[in-house]
Amino acid sequence: MHYNSLNQYLKSTFGEKVYKLSISSGLSCPNRDGTLSHLGCTFCSEGGSGDFATSAVLSVTEQIEQAKERVSKKIKNGKYIAYFQSFTNTYGPVDYLEKIYMEAIQHPDIVALSIGTRPDCLGAEVLSLLDRLNQIKPVWVELGLQTIHEETAQHINRGYPLSVFEVAVANLNSIHVDVIVHLILGLPWETRKEMLQSVRYVSSMKISGIKLQLLHVLKNTPLEKEYFENPFPMFSREEYIDFLAECLSYIPPHIVIHRLTGDGPKRSLIAPLWSADKKRVLNDMNRRFDELDVHQGCLLSR
């Protein structure tokens, strides 16, 4: 069994190792500011799932330089992807979006933009902007789908139906912007069969990449309260790695695997605690995939 890793894809596309730099747009989310809800998705951290981003007080250029310095021991004089990760990065005035994205895309060390957002925040003006940006350098849009199951989506307070996601993918395809889909494995009360259904569904769509994320229970989230009041089962390390291998068997080789687990900030992690030992997780994963003859080298980006 083989899979198309992000590390391989970046090297073949840009001719060298490329690092993602987490940049903050300073934007909020309609699922937090009261437009849809004040609670957000139940699993989402206080940092809007961008806990490793630099400060939004800094300019985009300053954030890029600061983030480069943080990875300077791993790479010097390299190339980078500007990853707008925290909250919903198309949820703002288009003139502001154009300002911050242009500042990032015009940086000489940036080879691509990756923009995390919701599928219900991709109106016509935003799509037009993404189309223009994509003529300058590659633009990826990362959509937080998490699950295809409507009951689970309501449980986690996602705030939009699957049909909205389908329209967003079609619209992004029409302007030739790469689509990366986020799925969470281990959402409360979902069976493995249901999780695999999400993987198989997404794999059948016209997308360029998938991020598979282990569910983390983090402090100060609605999910933390639920976990303690009405505990739900979570993957052990061995169970998760075996299940990942099964998921990979359904993903066609043209789809790039951008993530296989992820690692939440240790200071706020409630469960599963084994996920905090990233080195051991990676070693066990590689060992297990070796046993299963899975091609290795996936960059487990945050």
# chains A, B, ... in the order shown; residues from 1 in each chain; ligands from 1

$ residues_around --residues "Tyr250 (chain A)" --least-positions-apart "3" --cutoff "8 Å" --atoms "only C-alpha atoms" --output "PyMOL selection string"
chain A and resi 199-200+203+246-247

$ residues_around --residues "region 211-216 of chain A" --least-positions-apart "4" --cutoff "8 Å" --atoms "only C-alpha atoms" --output "number ranges by chain"
A: 43, 180-187, 240, 257-262, 264, 269-272

$ residues_around --residues "Ser55 (chain A)" --least-positions-apart "2" --cutoff "10 Å" --atoms "only C-alpha atoms" --output "list in words"
Ser22, Ile23, Ser24, Ser25, Gly26, Phe52, Ala53, Val57, Leu58, Ser59, Val60, Glu62, Gln63 and Gln66 of chain A

$ closest_residue --among "A:Met234, A:Leu273, A:Leu113, A:Val217" --to "Ser45 (chain A)" --atoms "only C-alpha atoms"
A:Val217

$ atom_distance --atom1 "CA of Asp131 (chain A)" --atom2 "CA of Ser174 (chain A)"
9.4 Å

$ atom_distance --atom1 "CA of Ile207 (chain A)" --atom2 "CA of Ser86 (chain A)"
21.7 Å

$ select_by_dssp --residues "region 54-272 of chain A" --states "alpha helix (DSSP H)" --output "VMD selection string"
chain A and resid 60 to 70 94 to 105 124 to 134 150 to 155 162 to 174 192 to 203 222 to 229 237 to 248

$ atom_distance --atom1 "CA of Leu143 (chain A)" --atom2 "CA of Thr117 (chain A)"
5.6 Å
